[in-house]
file input_21.cif (mmCIF, N, CA and C atoms and all ligand atoms)
data_entry
#
loop_
_atom_site.label_atom_id
_atom_site.label_comp_id
_atom_site.auth_asym_id
_atom_site.auth_seq_id
_atom_site.Cartn_x
_atom_site.Cartn_y
_atom_site.Cartn_z
N MET G 203 94.01 49.22 104.25
CA MET G 203 94.56 50.52 103.84
C MET G 203 93.49 51.30 103.10
N LYS G 204 93.42 52.57 103.44
CA LYS G 204 92.47 53.43 102.74
C LYS G 204 93.22 54.35 101.78
N GLN G 205 92.68 54.48 100.62
CA GLN G 205 93.29 55.41 99.69
C GLN G 205 92.24 56.42 99.27
N LYS G 206 92.66 57.65 99.22
CA LYS G 206 91.70 58.69 98.87
C LYS G 206 92.32 59.54 97.77
N ASN G 207 91.62 59.68 96.70
CA ASN G 207 92.12 60.56 95.65
C ASN G 207 91.45 61.92 95.78
N VAL G 208 92.27 62.92 95.91
CA VAL G 208 91.71 64.26 96.09
C VAL G 208 92.28 65.20 95.04
N THR G 209 91.55 66.24 94.79
CA THR G 209 92.03 67.25 93.87
C THR G 209 92.82 68.29 94.66
N GLN G 210 94.01 68.51 94.22
CA GLN G 210 94.83 69.52 94.89
C GLN G 210 94.99 70.70 93.94
N TYR G 211 94.82 71.87 94.51
CA TYR G 211 94.96 73.08 93.71
C TYR G 211 96.27 73.76 94.05
N SER G 212 97.02 74.15 93.02
CA SER G 212 98.25 74.90 93.32
C SER G 212 98.16 76.30 92.76
N CYS G 213 98.71 77.19 93.53
CA CYS G 213 98.69 78.60 93.16
C CYS G 213 99.52 78.81 91.89
N ASP G 214 99.00 79.63 90.96
CA ASP G 214 99.73 79.93 89.73
C ASP G 214 100.94 80.82 89.99
N PHE G 215 101.02 81.40 91.17
CA PHE G 215 102.05 82.41 91.40
C PHE G 215 103.09 82.02 92.45
N CYS G 216 102.73 81.09 93.33
CA CYS G 216 103.70 80.66 94.33
C CYS G 216 103.56 79.15 94.53
N SER G 217 104.21 78.62 95.51
CA SER G 217 104.23 77.16 95.66
C SER G 217 103.10 76.63 96.55
N LYS G 218 102.20 77.52 96.95
CA LYS G 218 101.13 77.11 97.85
C LYS G 218 100.19 76.07 97.21
N LYS G 219 99.82 75.08 98.00
CA LYS G 219 98.88 74.07 97.52
C LYS G 219 97.74 73.94 98.52
N LEU G 220 96.53 73.85 97.99
CA LEU G 220 95.36 73.76 98.85
C LEU G 220 94.37 72.76 98.28
N PHE G 221 93.50 72.27 99.12
CA PHE G 221 92.51 71.30 98.67
C PHE G 221 91.16 71.93 98.34
N ARG G 222 90.94 73.11 98.83
CA ARG G 222 89.62 73.72 98.60
C ARG G 222 89.70 74.84 97.58
N LYS G 223 88.96 74.66 96.51
CA LYS G 223 89.03 75.61 95.40
C LYS G 223 88.71 77.06 95.79
N PRO G 224 87.60 77.29 96.52
CA PRO G 224 87.30 78.70 96.86
C PRO G 224 88.40 79.36 97.67
N VAL G 225 89.06 78.56 98.51
CA VAL G 225 90.14 79.11 99.33
C VAL G 225 91.33 79.47 98.43
N MET G 226 91.57 78.63 97.42
CA MET G 226 92.68 78.93 96.49
C MET G 226 92.36 80.14 95.63
N ILE G 227 91.11 80.26 95.21
CA ILE G 227 90.73 81.43 94.42
C ILE G 227 91.01 82.70 95.22
N ARG G 228 90.64 82.65 96.50
CA ARG G 228 90.91 83.81 97.34
C ARG G 228 92.40 84.02 97.55
N HIS G 229 93.12 82.93 97.77
CA HIS G 229 94.57 83.06 97.95
C HIS G 229 95.20 83.71 96.73
N GLU G 230 94.86 83.23 95.52
CA GLU G 230 95.49 83.78 94.32
C GLU G 230 95.20 85.27 94.17
N SER G 231 94.00 85.67 94.57
CA SER G 231 93.66 87.09 94.44
C SER G 231 94.47 87.95 95.41
N GLU G 232 94.98 87.31 96.47
CA GLU G 232 95.75 88.07 97.46
C GLU G 232 97.23 87.71 97.46
N CYS G 233 97.61 86.74 96.63
CA CYS G 233 98.98 86.23 96.65
C CYS G 233 99.98 87.35 96.34
N GLY G 234 101.00 87.44 97.17
CA GLY G 234 102.02 88.48 97.00
C GLY G 234 102.83 88.33 95.73
N ASN G 235 102.80 87.16 95.12
CA ASN G 235 103.53 86.96 93.86
C ASN G 235 102.66 87.21 92.63
N ASN G 236 101.37 87.46 92.85
CA ASN G 236 100.47 87.75 91.74
C ASN G 236 100.74 89.18 91.25
N PRO G 237 101.14 89.31 89.96
CA PRO G 237 101.48 90.66 89.46
C PRO G 237 100.38 91.69 89.65
N ASP G 238 99.12 91.23 89.70
CA ASP G 238 98.02 92.17 89.95
C ASP G 238 98.14 92.84 91.30
N ASN G 239 98.87 92.19 92.19
CA ASN G 239 99.00 92.74 93.54
C ASN G 239 100.24 93.60 93.73
N PHE G 240 101.06 93.70 92.68
CA PHE G 240 102.26 94.52 92.83
C PHE G 240 101.87 95.99 92.91
N SER G 241 102.43 96.63 93.84
CA SER G 241 102.21 98.05 93.94
C SER G 241 103.48 98.75 93.49
N LYS G 242 103.31 99.91 92.91
CA LYS G 242 104.48 100.66 92.46
C LYS G 242 105.09 101.49 93.58
N CYS G 243 104.44 101.50 94.73
CA CYS G 243 104.90 102.33 95.84
C CYS G 243 106.40 102.19 96.10
N ILE G 244 106.86 100.94 96.10
CA ILE G 244 108.25 100.69 96.48
C ILE G 244 109.23 101.40 95.55
N GLN G 245 108.79 101.63 94.30
CA GLN G 245 109.68 102.30 93.34
C GLN G 245 109.45 103.81 93.30
N CYS G 246 108.60 104.26 94.17
CA CYS G 246 108.19 105.67 94.08
C CYS G 246 109.09 106.58 94.91
N GLU G 247 109.29 107.73 94.39
CA GLU G 247 110.04 108.81 95.02
C GLU G 247 109.63 109.06 96.49
N PHE G 248 108.33 108.97 96.75
CA PHE G 248 107.83 109.35 98.08
C PHE G 248 107.86 108.22 99.10
N CYS G 249 108.21 107.04 98.64
CA CYS G 249 108.19 105.89 99.53
C CYS G 249 109.57 105.66 100.15
N ASN G 250 109.60 105.59 101.44
CA ASN G 250 110.88 105.37 102.12
C ASN G 250 110.79 104.19 103.06
N LYS G 251 111.82 103.40 103.02
CA LYS G 251 111.87 102.26 103.93
C LYS G 251 112.48 102.76 105.24
N GLU G 252 111.78 102.52 106.31
CA GLU G 252 112.27 103.01 107.61
C GLU G 252 112.16 101.91 108.64
N GLN G 253 112.87 102.12 109.73
CA GLN G 253 112.73 101.20 110.85
C GLN G 253 112.01 101.94 111.97
N ARG G 254 111.00 101.30 112.49
CA ARG G 254 110.25 101.92 113.59
C ARG G 254 110.09 100.95 114.75
N ASN G 255 109.97 101.53 115.91
CA ASN G 255 109.73 100.74 117.11
C ASN G 255 108.26 100.50 117.30
N PHE G 256 107.90 99.27 117.60
CA PHE G 256 106.52 98.96 117.92
C PHE G 256 106.50 98.16 119.22
N THR G 257 105.44 98.35 119.96
CA THR G 257 105.23 97.51 121.12
C THR G 257 104.32 96.37 120.70
N ILE G 258 104.81 95.16 120.84
CA ILE G 258 103.98 94.03 120.44
C ILE G 258 103.73 93.13 121.65
N ASP G 259 102.61 92.43 121.59
CA ASP G 259 102.30 91.45 122.64
C ASP G 259 103.00 90.16 122.29
N SER G 260 103.68 89.60 123.22
CA SER G 260 104.24 88.27 122.95
C SER G 260 103.81 87.34 124.08
N PHE G 261 103.82 86.10 123.76
CA PHE G 261 103.34 85.11 124.73
C PHE G 261 104.45 84.11 125.01
N ASP G 262 104.92 84.12 126.23
CA ASP G 262 105.92 83.12 126.61
C ASP G 262 105.48 82.49 127.93
N GLY G 263 104.24 82.01 127.93
CA GLY G 263 103.65 81.51 129.18
C GLY G 263 102.75 82.57 129.76
N ASN G 264 103.22 83.80 129.71
CA ASN G 264 102.42 84.95 130.11
C ASN G 264 102.42 85.94 128.95
N PHE G 265 101.38 86.73 128.90
CA PHE G 265 101.39 87.79 127.91
C PHE G 265 102.30 88.91 128.38
N THR G 266 103.21 89.27 127.53
CA THR G 266 104.09 90.39 127.88
C THR G 266 104.14 91.34 126.69
N GLU G 267 104.48 92.56 126.98
CA GLU G 267 104.67 93.52 125.90
C GLU G 267 106.16 93.70 125.70
N ARG G 268 106.55 93.77 124.44
CA ARG G 268 107.95 94.07 124.22
C ARG G 268 108.12 94.99 123.00
N GLU G 269 109.22 95.69 123.02
CA GLU G 269 109.53 96.61 121.94
C GLU G 269 110.26 95.85 120.83
N THR G 270 109.81 96.04 119.62
CA THR G 270 110.49 95.39 118.50
C THR G 270 110.63 96.40 117.38
N ILE G 271 111.70 96.24 116.61
CA ILE G 271 111.90 97.11 115.46
C ILE G 271 111.37 96.41 114.21
N PHE G 272 110.53 97.10 113.49
CA PHE G 272 110.02 96.57 112.23
C PHE G 272 110.44 97.48 111.08
N ASN G 273 110.65 96.87 109.93
CA ASN G 273 110.85 97.66 108.72
C ASN G 273 109.48 98.05 108.19
N VAL G 274 109.30 99.30 107.97
CA VAL G 274 108.03 99.75 107.40
C VAL G 274 108.30 100.65 106.19
N TYR G 275 107.30 100.83 105.37
CA TYR G 275 107.37 101.79 104.28
C TYR G 275 106.57 103.02 104.70
N TYR G 276 107.15 104.16 104.47
CA TYR G 276 106.47 105.39 104.82
C TYR G 276 106.35 106.24 103.57
N CYS G 277 105.14 106.67 103.29
CA CYS G 277 104.92 107.54 102.13
C CYS G 277 104.96 108.98 102.61
N SER G 278 105.95 109.73 102.11
CA SER G 278 106.11 111.11 102.57
C SER G 278 105.09 112.05 101.92
N LYS G 279 104.39 111.55 100.89
CA LYS G 279 103.37 112.38 100.24
C LYS G 279 102.07 112.35 101.04
N ILE G 280 101.61 111.17 101.36
CA ILE G 280 100.36 111.08 102.13
C ILE G 280 100.62 111.04 103.64
N LYS G 281 101.90 110.98 104.01
CA LYS G 281 102.32 110.95 105.41
C LYS G 281 101.66 109.81 106.19
N ARG G 282 101.74 108.65 105.59
CA ARG G 282 101.22 107.45 106.23
C ARG G 282 102.19 106.30 106.03
N MET G 283 102.15 105.38 106.97
CA MET G 283 102.88 104.14 106.77
C MET G 283 102.02 103.27 105.87
N ILE G 284 102.66 102.60 104.94
CA ILE G 284 101.94 101.78 103.97
C ILE G 284 102.54 100.38 103.97
N TYR G 285 101.70 99.40 103.72
CA TYR G 285 102.23 98.03 103.69
C TYR G 285 101.90 97.32 102.40
N SER G 286 102.79 96.41 102.04
CA SER G 286 102.66 95.70 100.78
C SER G 286 101.76 94.48 100.94
N THR G 287 101.33 93.92 99.81
CA THR G 287 100.51 92.71 99.84
C THR G 287 101.24 91.60 100.59
N LYS G 288 102.55 91.54 100.39
CA LYS G 288 103.33 90.49 101.05
C LYS G 288 103.29 90.61 102.57
N ALA G 289 103.11 91.82 103.07
CA ALA G 289 103.08 92.02 104.52
C ALA G 289 101.74 91.63 105.12
N LYS G 290 100.73 91.51 104.26
CA LYS G 290 99.36 91.22 104.72
C LYS G 290 99.27 90.04 105.67
N LYS G 291 100.07 89.03 105.40
CA LYS G 291 99.97 87.81 106.20
C LYS G 291 100.44 88.03 107.64
N LEU G 292 101.07 89.17 107.90
CA LEU G 292 101.55 89.46 109.25
C LEU G 292 100.53 90.23 110.09
N ILE G 293 99.45 90.66 109.44
CA ILE G 293 98.48 91.51 110.14
C ILE G 293 97.87 90.81 111.34
N ASP G 294 97.50 89.54 111.15
CA ASP G 294 96.90 88.80 112.26
C ASP G 294 97.88 88.58 113.40
N LYS G 295 99.15 88.44 113.02
CA LYS G 295 100.17 88.17 114.03
C LYS G 295 100.53 89.43 114.82
N TYR G 296 100.60 90.54 114.12
CA TYR G 296 101.01 91.79 114.78
C TYR G 296 99.99 92.89 114.51
N PRO G 297 98.77 92.74 115.04
CA PRO G 297 97.73 93.73 114.71
C PRO G 297 98.10 95.17 115.04
N ASN G 298 98.79 95.38 116.15
CA ASN G 298 99.06 96.78 116.49
C ASN G 298 100.15 97.43 115.65
N VAL G 299 100.95 96.61 114.97
CA VAL G 299 101.94 97.17 114.04
C VAL G 299 101.23 97.76 112.82
N PHE G 300 100.10 97.13 112.46
CA PHE G 300 99.41 97.56 111.25
C PHE G 300 98.27 98.55 111.52
N GLU G 301 98.00 98.75 112.80
CA GLU G 301 96.93 99.66 113.19
C GLU G 301 96.96 101.00 112.44
N GLU G 302 98.15 101.58 112.36
CA GLU G 302 98.26 102.91 111.74
C GLU G 302 98.64 102.85 110.28
N GLN G 303 98.70 101.64 109.73
CA GLN G 303 99.16 101.51 108.36
C GLN G 303 98.00 101.28 107.39
N ILE G 304 98.21 101.69 106.16
CA ILE G 304 97.20 101.43 105.13
C ILE G 304 97.87 100.64 104.00
N PRO G 305 97.07 99.83 103.26
CA PRO G 305 97.69 99.05 102.19
C PRO G 305 98.22 99.94 101.07
N MET G 306 99.30 99.50 100.44
CA MET G 306 99.81 100.23 99.28
C MET G 306 98.76 100.19 98.18
N LEU G 307 98.66 101.27 97.46
CA LEU G 307 97.69 101.33 96.38
C LEU G 307 98.29 100.73 95.11
N LYS G 308 97.43 100.13 94.30
CA LYS G 308 97.92 99.62 93.02
C LYS G 308 98.11 100.78 92.05
N LYS G 309 97.23 101.73 92.15
CA LYS G 309 97.38 102.95 91.35
C LYS G 309 97.31 104.13 92.29
N CYS G 310 98.23 105.06 92.11
CA CYS G 310 98.26 106.20 93.01
C CYS G 310 98.51 107.45 92.19
N LYS G 311 97.73 108.48 92.43
CA LYS G 311 97.88 109.70 91.63
C LYS G 311 99.19 110.44 91.93
N HIS G 312 99.80 110.12 93.06
CA HIS G 312 101.05 110.79 93.43
C HIS G 312 102.29 110.07 92.91
N TYR G 313 102.08 108.91 92.28
CA TYR G 313 103.22 108.08 91.89
C TYR G 313 104.23 108.84 91.03
N LYS G 314 105.46 108.83 91.52
CA LYS G 314 106.53 109.49 90.81
C LYS G 314 107.72 108.55 90.84
N PRO G 315 108.00 107.90 89.69
CA PRO G 315 109.06 106.88 89.74
C PRO G 315 110.41 107.47 90.11
N ASN G 316 111.09 106.75 90.94
CA ASN G 316 112.45 107.14 91.30
C ASN G 316 113.35 106.10 90.65
N TYR G 317 114.09 106.54 89.64
CA TYR G 317 114.82 105.57 88.82
C TYR G 317 116.00 104.94 89.57
N ASP G 318 116.38 105.54 90.67
CA ASP G 318 117.41 104.91 91.50
C ASP G 318 116.88 103.65 92.16
N LYS G 319 115.56 103.61 92.38
CA LYS G 319 114.97 102.48 93.09
C LYS G 319 114.58 101.35 92.14
N LEU G 320 114.52 101.65 90.85
CA LEU G 320 114.05 100.62 89.90
C LEU G 320 115.12 99.56 89.67
ZN ZN G 401 100.28 82.10 95.89
#

call {"tool": "encode", "arguments": {"input": "input_21.cif", "output": "structure tokens"}}
result
Amino acid sequence: MKQKNVTQYSCDFCSKKLFRKPVMIRHESECGNNPDNFSKCIQCEFCNKEQRNFTIDSFDGNFTERETIFNVYYCSKIKRMIYSTKAKKLIDKYPNVFEEQIPMLKKCKHYKPNYDKL
């Protein structure tokens, strides 16, 4: 029997565990539960949650295109779709959904709190 003692790193913000320190450092900097990554956009007057149709590639033996509805955030001030840190992990899976989207800003000069959303 072989026994190996390894150092395991756990994220301070979520339950993720990794064996490689540099990878964990990067994960924590991007972790959706890290307060540094919270954007105020979701609480902002100009941010609206909408449903939009996207054509995505899916693979079921063959590559096919299909229409899917995604929830997106739309900023009516900058007139762009914006995505949260938590959505980042979906970029690789659905690249064309994020093509027209930009990340939510941590600080935004247009931020206007909407107390109904808080
Ligand atoms: Zn994490």

call {"tool": "residues_near_ligand", "arguments": {"input": "input_21.cif", "ligand": "ligand ZN 401 (chain G)", "cutoff": "7 Å", "atoms": "only N, CA and C atoms and all ligand atoms", "output": "MDAnalysis selection string"}}
result
chainID G and resid 212:218 229:230 232:236

call {"tool": "write_last_selection", "arguments": {"input": "input_21.cif", "atoms": "N, CA and C atoms", "output": "mmCIF file, in the coordinates of the input"}}
result
data_model
loop_
_atom_site.group_PDB
_atom_site.id
_atom_site.type_symbol
_atom_site.label_atom_id
_atom_site.label_comp_id
_atom_site.auth_asym_id
_atom_site.auth_seq_id
_atom_site.Cartn_x
_atom_site.Cartn_y
_atom_site.Cartn_z
ATOM 1 N N SER G 212 97.020 74.150 93.020
ATOM 2 C CA SER G 212 98.250 74.900 93.320
ATOM 3 C C SER G 212 98.160 76.300 92.760
ATOM 4 N N CYS G 213 98.710 77.190 93.530
ATOM 5 C CA CYS G 213 98.690 78.600 93.160
ATOM 6 C C CYS G 213 99.520 78.810 91.890
ATOM 7 N N ASP G 214 99.000 79.630 90.960
ATOM 8 C CA ASP G 214 99.730 79.930 89.730
ATOM 9 C C ASP G 214 100.940 80.820 89.990
ATOM 10 N N PHE G 215 101.020 81.400 91.170
ATOM 11 C CA PHE G 215 102.050 82.410 91.400
ATOM 12 C C PHE G 215 103.090 82.020 92.450
ATOM 13 N N CYS G 216 102.730 81.090 93.330
ATOM 14 C CA CYS G 216 103.700 80.660 94.330
ATOM 15 C C CYS G 216 103.560 79.150 94.530
ATOM 16 N N SER G 217 104.210 78.620 95.510
ATOM 17 C CA SER G 217 104.230 77.160 95.660
ATOM 18 C C SER G 217 103.100 76.630 96.550
ATOM 19 N N LYS G 218 102.200 77.520 96.950
ATOM 20 C CA LYS G 218 101.130 77.110 97.850
ATOM 21 C C LYS G 218 100.190 76.070 97.210
ATOM 22 N N HIS G 229 93.120 82.930 97.770
ATOM 23 C CA HIS G 229 94.570 83.060 97.950
ATOM 24 C C HIS G 229 95.200 83.710 96.730
ATOM 25 N N GLU G 230 94.860 83.230 95.520
ATOM 26 C CA GLU G 230 95.490 83.780 94.320
ATOM 27 C C GLU G 230 95.200 85.270 94.170
ATOM 28 N N GLU G 232 94.980 87.310 96.470
ATOM 29 C CA GLU G 232 95.750 88.070 97.460
ATOM 30 C C GLU G 232 97.230 87.710 97.460
ATOM 31 N N CYS G 233 97.610 86.740 96.630
ATOM 32 C CA CYS G 233 98.980 86.230 96.650
ATOM 33 C C CYS G 233 99.980 87.350 96.340
ATOM 34 N N GLY G 234 101.000 87.440 97.170
ATOM 35 C CA GLY G 234 102.020 88.480 97.000
ATOM 36 C C GLY G 234 102.830 88.330 95.730
ATOM 37 N N ASN G 235 102.800 87.160 95.120
ATOM 38 C CA ASN G 235 103.530 86.960 93.860
ATOM 39 C C ASN G 235 102.660 87.210 92.630
ATOM 40 N N ASN G 236 101.370 87.460 92.850
ATOM 41 C CA ASN G 236 100.470 87.750 91.740
ATOM 42 C C ASN G 236 100.740 89.180 91.250
#

call {"tool": "select_by_dssp", "arguments": {"input": "input_21.cif", "residues": "region 213-313 of chain G", "states": "strand (DSSP E or B)", "output": "JSON, numbers by chain"}}
result
{"G": [219, 220, 246, 249, 250, 251, 252, 253, 254, 255, 256, 257, 258, 259, 260, 261, 265, 266, 267, 268, 269, 270, 271, 272, 273, 274, 275, 276, 277, 282, 283, 284, 285, 303, 304, 305]}

call {"tool": "residues_around", "arguments": {"input": "input_21.cif", "residues": "Gln253 (chain G)", "least_positions_apart": "3", "cutoff": "9 Å", "atoms": "only C-alpha atoms", "output": "mmCIF file with N, CA and C atoms, in the frame of the given file"}}
result
data_model
loop_
_atom_site.group_PDB
_atom_site.id
_atom_site.type_symbol
_atom_site.label_atom_id
_atom_site.label_comp_id
_atom_site.auth_asym_id
_atom_site.auth_seq_id
_atom_site.Cartn_x
_atom_site.Cartn_y
_atom_site.Cartn_z
ATOM 1 N N ILE G 271 111.700 96.240 116.610
ATOM 2 C CA ILE G 271 111.900 97.110 115.460
ATOM 3 C C ILE G 271 111.370 96.410 114.210
ATOM 4 N N PHE G 272 110.530 97.100 113.490
ATOM 5 C CA PHE G 272 110.020 96.570 112.230
ATOM 6 C C PHE G 272 110.440 97.480 111.080
ATOM 7 N N ASN G 273 110.650 96.870 109.930
ATOM 8 C CA ASN G 273 110.850 97.660 108.720
ATOM 9 C C ASN G 273 109.480 98.050 108.190
ATOM 10 N N VAL G 274 109.300 99.300 107.970
ATOM 11 C CA VAL G 274 108.030 99.750 107.400
ATOM 12 C C VAL G 274 108.300 100.650 106.190
ATOM 13 N N TYR G 275 107.300 100.830 105.370
ATOM 14 C CA TYR G 275 107.370 101.790 104.280
ATOM 15 C C TYR G 275 106.570 103.020 104.700
#

call {"tool": "axis_aligned_box", "arguments": {"input": "input_21.cif", "around": "region 280-295 of chain G", "padding_each_side": "4 Å", "output": "lines of an AutoDock Vina configuration file"}}
result
center_x = 100.1
center_y = 99.5
center_z = 107.3
size_x = 14.4
size_y = 31.4
size_z = 23.0

call {"tool": "closest_residue", "arguments": {"input": "input_21.cif", "among": "G:Ala289, G:Pro297, G:Val208, G:Pro237", "to": "Lys223 (chain G)", "atoms": "only C-alpha atoms"}}
result
G:Val208

call {"tool": "select_by_dssp", "arguments": {"input": "input_21.cif", "residues": "region 210-296 of chain G", "states": "alpha helix (DSSP H)", "output": "PyMOL selection string"}}
result
chain G and resi 223-232

call {"tool": "residues_near_point", "arguments": {"input": "input_21.cif", "point": "(94.3, 70.2, 95.8)", "cutoff": "6.5 Å", "atoms": "all atoms listed in the file", "output": "ChimeraX atom specification"}}
result
/G:208-212,219-222

call {"tool": "write_last_selection", "arguments": {"input": "input_21.cif", "atoms": "N, CA and C atoms", "output": "PDB file, in the frame of the given file"}}
result
ATOM      1  N   VAL G 208      92.270  62.920  95.910  1.00  0.00           N
ATOM      2  CA  VAL G 208      91.710  64.260  96.090  1.00  0.00           C
ATOM      3  C   VAL G 208      92.280  65.200  95.040  1.00  0.00           C
ATOM      4  N   THR G 209      91.550  66.240  94.790  1.00  0.00           N
ATOM      5  CA  THR G 209      92.030  67.250  93.870  1.00  0.00           C
ATOM      6  C   THR G 209      92.820  68.290  94.660  1.00  0.00           C
ATOM      7  N   GLN G 210      94.010  68.510  94.220  1.00  0.00           N
ATOM      8  CA  GLN G 210      94.830  69.520  94.890  1.00  0.00           C
ATOM      9  C   GLN G 210      94.990  70.700  93.940  1.00  0.00           C
ATOM     10  N   TYR G 211      94.820  71.870  94.510  1.00  0.00           N
ATOM     11  CA  TYR G 211      94.960  73.080  93.710  1.00  0.00           C
ATOM     12  C   TYR G 211      96.270  73.760  94.050  1.00  0.00           C
ATOM     13  N   SER G 212      97.020  74.150  93.020  1.00  0.00           N
ATOM     14  CA  SER G 212      98.250  74.900  93.320  1.00  0.00           C
ATOM     15  C   SER G 212      98.160  76.300  92.760  1.00  0.00           C
ATOM     16  N   LYS G 219      99.820  75.080  98.000  1.00  0.00           N
ATOM     17  CA  LYS G 219      98.880  74.070  97.520  1.00  0.00           C
ATOM     18  C   LYS G 219      97.740  73.940  98.520  1.00  0.00           C
ATOM     19  N   LEU G 220      96.530  73.850  97.990  1.00  0.00           N
ATOM     20  CA  LEU G 220      95.360  73.760  98.850  1.00  0.00           C
ATOM     21  C   LEU G 220      94.370  72.760  98.280  1.00  0.00           C
ATOM     22  N   PHE G 221      93.500  72.270  99.120  1.00  0.00           N
ATOM     23  CA  PHE G 221      92.510  71.300  98.670  1.00  0.00           C
ATOM     24  C   PHE G 221      91.160  71.930  98.340  1.00  0.00           C
ATOM     25  N   ARG G 222      90.940  73.110  98.830  1.00  0.00           N
ATOM     26  CA  ARG G 222      89.620  73.720  98.600  1.00  0.00           C
ATOM     27  C   ARG G 222      89.700  74.840  97.580  1.00  0.00           C
TER      28      ARG G 222
END

call {"tool": "closest_residue", "arguments": {"input": "input_21.cif", "among": "G:Arg268, G:Lys242, G:Lys290, G:Arg282", "to": "Lys309 (chain G)", "atoms": "all atoms listed in the file"}}
result
G:Lys242

call {"tool": "residues_around", "arguments": {"input": "input_21.cif", "residues": "Thr257 (chain G)", "least_positions_apart": "3", "cutoff": "6.5 Å", "atoms": "all atoms listed in the file", "output": "list in words"}}
result
Glu267, Arg268, Glu269 and Thr270 of chain G

call {"tool": "closest_residue", "arguments": {"input": "input_21.cif", "among": "G:Phe300, G:Lys311, G:Asn207, G:Asn316", "to": "Phe256 (chain G)", "atoms": "only C-alpha atoms"}}
result
G:Phe300

call {"tool": "atom_distance", "arguments": {"input": "input_21.cif", "atom1": "atom C of Lys288 (chain G)", "atom2": "CA of Pro305 (chain G)"}}
result
10.1 Å

call {"tool": "closest_residue", "arguments": {"input": "input_21.cif", "among": "G:Leu307, G:Met283, G:Met226, G:Cys277", "to": "Arg254 (chain G)", "atoms": "only C-alpha atoms"}}
result
G:Met283

call {"tool": "atom_distance", "arguments": {"input": "input_21.cif", "atom1": "atom C of Lys279 (chain G)", "atom2": "atom N of Ser231 (chain G)"}}
result
28.6 Å
